[in-house]
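Undergrad: One structure follows; several queries about it will come next.
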Amino acid sequence: MQFMKTLLTSVILLCLFQPAWADQPVKKSKSSICHRPNTEFYSRTKNFTAYETIEACLASGGRLPKGQSLSSSQSPSKSTTSSYSKAAKYSRDKFGHGWDDEDRDCQNTRQEVLISMSTNPVRFADDRQCRVTFGRWISMYSGEVLFDASKVDIDHVVPLKWAWEHGAQSWSKAKREQFANDPINLVAVEASLNRQKGAKGLEEWLPPKNQEQYKARFQRVVLKYDLK
């Protein structure tokens, strides 16, 4: 009888002192990443499919965040990011002062991307052909067609601040400048979606259109530069 009382008391205490997140679902984000309670991006993931267990989420085609394993309860990337953040604060000039003009032909990286991504011949501000004013660009983020260059942003698919917090802080300044001007990481899009995206990674933001293409491009850049 005493044994049964002790057992019952133990069960009650166990229920009372469970972590607050113990009965929360596993969230599978739109990018098919399975986020467990008490991990870095769990509270930020607003659009998701709920699963009772991490195993069920993975079985549905989901995947763990980079750096996590089934036995881990917290993403290592959080501690990595924290250690980077404590060492030095991000600023845009860590990646050079604006767009580069490496070949000194008066067309900086922005102009060269506008020229290369336009589906029609571009028009320039004057005969020097340094600044593009009109062209025809199809936004990868929305599918919208843009004509006025002043309404077009050249966006870093992998944001500079995100890269800084995931490994770029340890690079040389020359490598950071190369990253900021690498065409593989640049797309011509409307300014509004570029502002909406900000410095968010895949777990926090995806474009309205071409999401799979965007994710593949993001991962390609991450792999090329060995970001964590």
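We name chains A, B, ... following the order of the structure tokens; residues begin at 1 in each chain, and ligands are numbered from 1 as shown.
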Write out as a PyMOL selection string which residues come within 9 Å of region 187-201 of chain A when counting only C-alpha atoms, dropping same-chain ones fewer than 3 positions away.
TA: chain A and resi 113-114+117-118+137-142+144+146+151-162+183-184+204-207+218
Undergrad: Could you pull out the strand (DSSP E or B) residues of region 84-144 of chain A, going by DSSP on the backbone, and write them as a PyMOL selection string?
TA: chain A and resi 123-124+132-138
Undergrad: By how many Å are CA of Glu165 (chain A) and CA of Pro25 (chain A) apart?
TA: 28.3 Å
Undergrad: Kindly indicate which residue among A:Glu203, A:Thr133, A:Arg220, A:Trp164 lies nearest to Arg92 (chain A), using only C-alpha atoms for the distances.
TA: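 That would be A:Trp164, the residue with the smallest distance to Arg92 (chain A).
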Undergrad: Measuring atom to atom with only C-alpha atoms, identify which of A:Phe179, A:Ala168, A:Ala56, A:Arg123 is nearest to Ala88 (chain A).
TA: A:Ala168
Undergrad: For CA of Ser172 (chain A) and CA of Arg217 (chain A), determine how far apart the two atoms are, in Å to one decimal place.
TA: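 Value for the CA of Ser172 (chain A)-CA of Arg217 (chain A) distance: 23.6 Å.
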Undergrad: In Å to one decimal, how far is CA of Ile33 (chain A) from CA of Gln68 (chain A)?
TA: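 Calculated distance between CA of Gln68 (chain A) and CA of Ile33 (chain A) is 11.0 Å.
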Undergrad: Determine, counting only C-alpha atoms, which protein, DNA and RNA residues have an atom within 12 Å of an atom of Leu58 (chain A); residues of the same chain fewer than 5 positions away are not included. Present the result as an NGL selection string.
TA: :A and (26-29 or 32-36 or 49-53 or 63-65 or 69-70)
Undergrad: Could you write out that same residue set with N, CA and C atoms as a PDB file, in the first residue's frame?
TA:
```pdb
ATOM      1  N   VAL A  26       5.708  19.842 -32.528  1.00  0.00           N
ATOM      2  CA  VAL A  26       6.845  20.118 -33.408  1.00  0.00           C
ATOM      3  C   VAL A  26       6.296  20.878 -34.606  1.00  0.00           C
ATOM      4  N   LYS A  27       6.973  21.953 -35.014  1.00  0.00           N
ATOM      5  CA  LYS A  27       6.495  22.775 -36.127  1.00  0.00           C
ATOM      6  C   LYS A  27       7.312  22.485 -37.391  1.00  0.00           C
ATOM      7  N   LYS A  28       6.622  22.163 -38.483  1.00  0.00           N
ATOM      8  CA  LYS A  28       7.309  22.048 -39.778  1.00  0.00           C
ATOM      9  C   LYS A  28       7.026  23.313 -40.570  1.00  0.00           C
ATOM     10  N   SER A  29       8.076  24.090 -40.833  1.00  0.00           N
ATOM     11  CA  SER A  29       7.917  25.368 -41.514  1.00  0.00           C
ATOM     12  C   SER A  29       7.635  25.166 -42.995  1.00  0.00           C
ATOM     13  N   SER A  32      10.060  23.298 -44.911  1.00  0.00           N
ATOM     14  CA  SER A  32      10.172  21.880 -44.523  1.00  0.00           C
ATOM     15  C   SER A  32      11.210  21.617 -43.444  1.00  0.00           C
ATOM     16  N   ILE A  33      11.440  22.606 -42.582  1.00  0.00           N
ATOM     17  CA  ILE A  33      12.361  22.418 -41.463  1.00  0.00           C
ATOM     18  C   ILE A  33      11.548  22.127 -40.210  1.00  0.00           C
ATOM     19  N   CYS A  34      11.927  21.065 -39.497  1.00  0.00           N
ATOM     20  CA  CYS A  34      11.218  20.646 -38.286  1.00  0.00           C
ATOM     21  C   CYS A  34      11.816  21.337 -37.065  1.00  0.00           C
ATOM     22  N   HIS A  35      11.027  22.177 -36.407  1.00  0.00           N
ATOM     23  CA  HIS A  35      11.489  22.926 -35.233  1.00  0.00           C
ATOM     24  C   HIS A  35      10.849  22.358 -33.970  1.00  0.00           C
ATOM     25  N   ARG A  36      11.690  21.923 -33.033  1.00  0.00           N
ATOM     26  CA  ARG A  36      11.196  21.420 -31.752  1.00  0.00           C
ATOM     27  C   ARG A  36      11.025  22.567 -30.764  1.00  0.00           C
ATOM     28  N   THR A  49       3.052  23.377 -40.095  1.00  0.00           N
ATOM     29  CA  THR A  49       2.211  22.199 -39.887  1.00  0.00           C
ATOM     30  C   THR A  49       2.666  21.549 -38.587  1.00  0.00           C
ATOM     31  N   ALA A  50       1.719  21.217 -37.714  1.00  0.00           N
ATOM     32  CA  ALA A  50       2.065  20.685 -36.389  1.00  0.00           C
ATOM     33  C   ALA A  50       2.161  19.159 -36.407  1.00  0.00           C
ATOM     34  N   TYR A  51       3.149  18.654 -35.673  1.00  0.00           N
ATOM     35  CA  TYR A  51       3.321  17.206 -35.497  1.00  0.00           C
ATOM     36  C   TYR A  51       3.546  16.920 -34.017  1.00  0.00           C
ATOM     37  N   GLU A  52       3.115  15.742 -33.587  1.00  0.00           N
ATOM     38  CA  GLU A  52       3.260  15.385 -32.175  1.00  0.00           C
ATOM     39  C   GLU A  52       4.708  15.107 -31.806  1.00  0.00           C
ATOM     40  N   THR A  53       5.476  14.532 -32.740  1.00  0.00           N
ATOM     41  CA  THR A  53       6.868  14.174 -32.448  1.00  0.00           C
ATOM     42  C   THR A  53       7.782  14.625 -33.569  1.00  0.00           C
ATOM     43  N   ARG A  63      12.976  18.123 -42.404  1.00  0.00           N
ATOM     44  CA  ARG A  63      14.396  17.945 -42.092  1.00  0.00           C
ATOM     45  C   ARG A  63      14.738  18.773 -40.867  1.00  0.00           C
ATOM     46  N   LEU A  64      15.820  18.397 -40.209  1.00  0.00           N
ATOM     47  CA  LEU A  64      16.275  19.140 -39.040  1.00  0.00           C
ATOM     48  C   LEU A  64      16.993  20.406 -39.473  1.00  0.00           C
ATOM     49  N   PRO A  65      16.982  21.450 -38.639  1.00  0.00           N
ATOM     50  CA  PRO A  65      17.803  22.627 -38.924  1.00  0.00           C
ATOM     51  C   PRO A  65      19.266  22.227 -39.026  1.00  0.00           C
ATOM     52  N   SER A  69      20.889  17.445 -34.438  1.00  0.00           N
ATOM     53  CA  SER A  69      20.702  16.005 -34.561  1.00  0.00           C
ATOM     54  C   SER A  69      19.477  15.628 -33.741  1.00  0.00           C
ATOM     55  N   LEU A  70      19.029  14.395 -33.888  1.00  0.00           N
ATOM     56  CA  LEU A  70      17.849  13.958 -33.143  1.00  0.00           C
ATOM     57  C   LEU A  70      18.061  14.004 -31.642  1.00  0.00           C
TER      58      LEU A  70
END
```
Undergrad: I need the residue nearest Glu112 (chain A) from this list: A:Lys46, A:Arg131, A:Lys228, A:Lys173. Use only C-alpha atoms for the distance.
TA: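 Between A:Lys46, A:Arg131, A:Lys228, A:Lys173, the residue approaching Glu112 (chain A) most closely is A:Arg131.
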Undergrad: Of the candidates A:Pro208, A:Gly62, A:Gly167, A:Gly143, which shows the shortest atom-to-atom distance to Leu223 (chain A), using only C-alpha atoms?
TA: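 Using only C-alpha atoms, the shortest distance to Leu223 (chain A) belongs to A:Gly167.
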Undergrad: Cys130 (chain A): which residues within 9 Å, counting only C-alpha atoms, same-chain residues fewer than 6 positions away excluded, as a list of chain:residue names?
TA: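 Here the qualifying residues turn out to be A:Asp105, A:Cys106, A:Gln107, A:Asn108, A:Gln111, A:Phe124.
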Undergrad: What residues in chain A get the DSSP label alpha helix (DSSP H)? Please answer as a ChimeraX atom specification.
TA: /A:2-16,54-59,76-87,109-117,160-165,173-180,191-197,211-224
Undergrad: Considering only C-alpha atoms, give me a table of residues in region 173-209 of chain A that are at most 9 Å from region 94-98 of chain A, with the closest atom pair and distance in Å for each, as CSV.
TA:
```
residue,atom,partner,partner_atom,distance
A:Lys173,CA,A:Phe95,CA,6.6
A:Ala174,CA,A:Phe95,CA,8.1
A:Lys175,CA,A:Phe95,CA,8.3
A:Arg176,CA,A:Phe95,CA,4.9
A:Glu177,CA,A:Phe95,CA,4.7
A:Gln178,CA,A:Phe95,CA,8.1
A:Phe179,CA,A:Phe95,CA,7.7
A:Ala180,CA,A:Phe95,CA,6.1
```
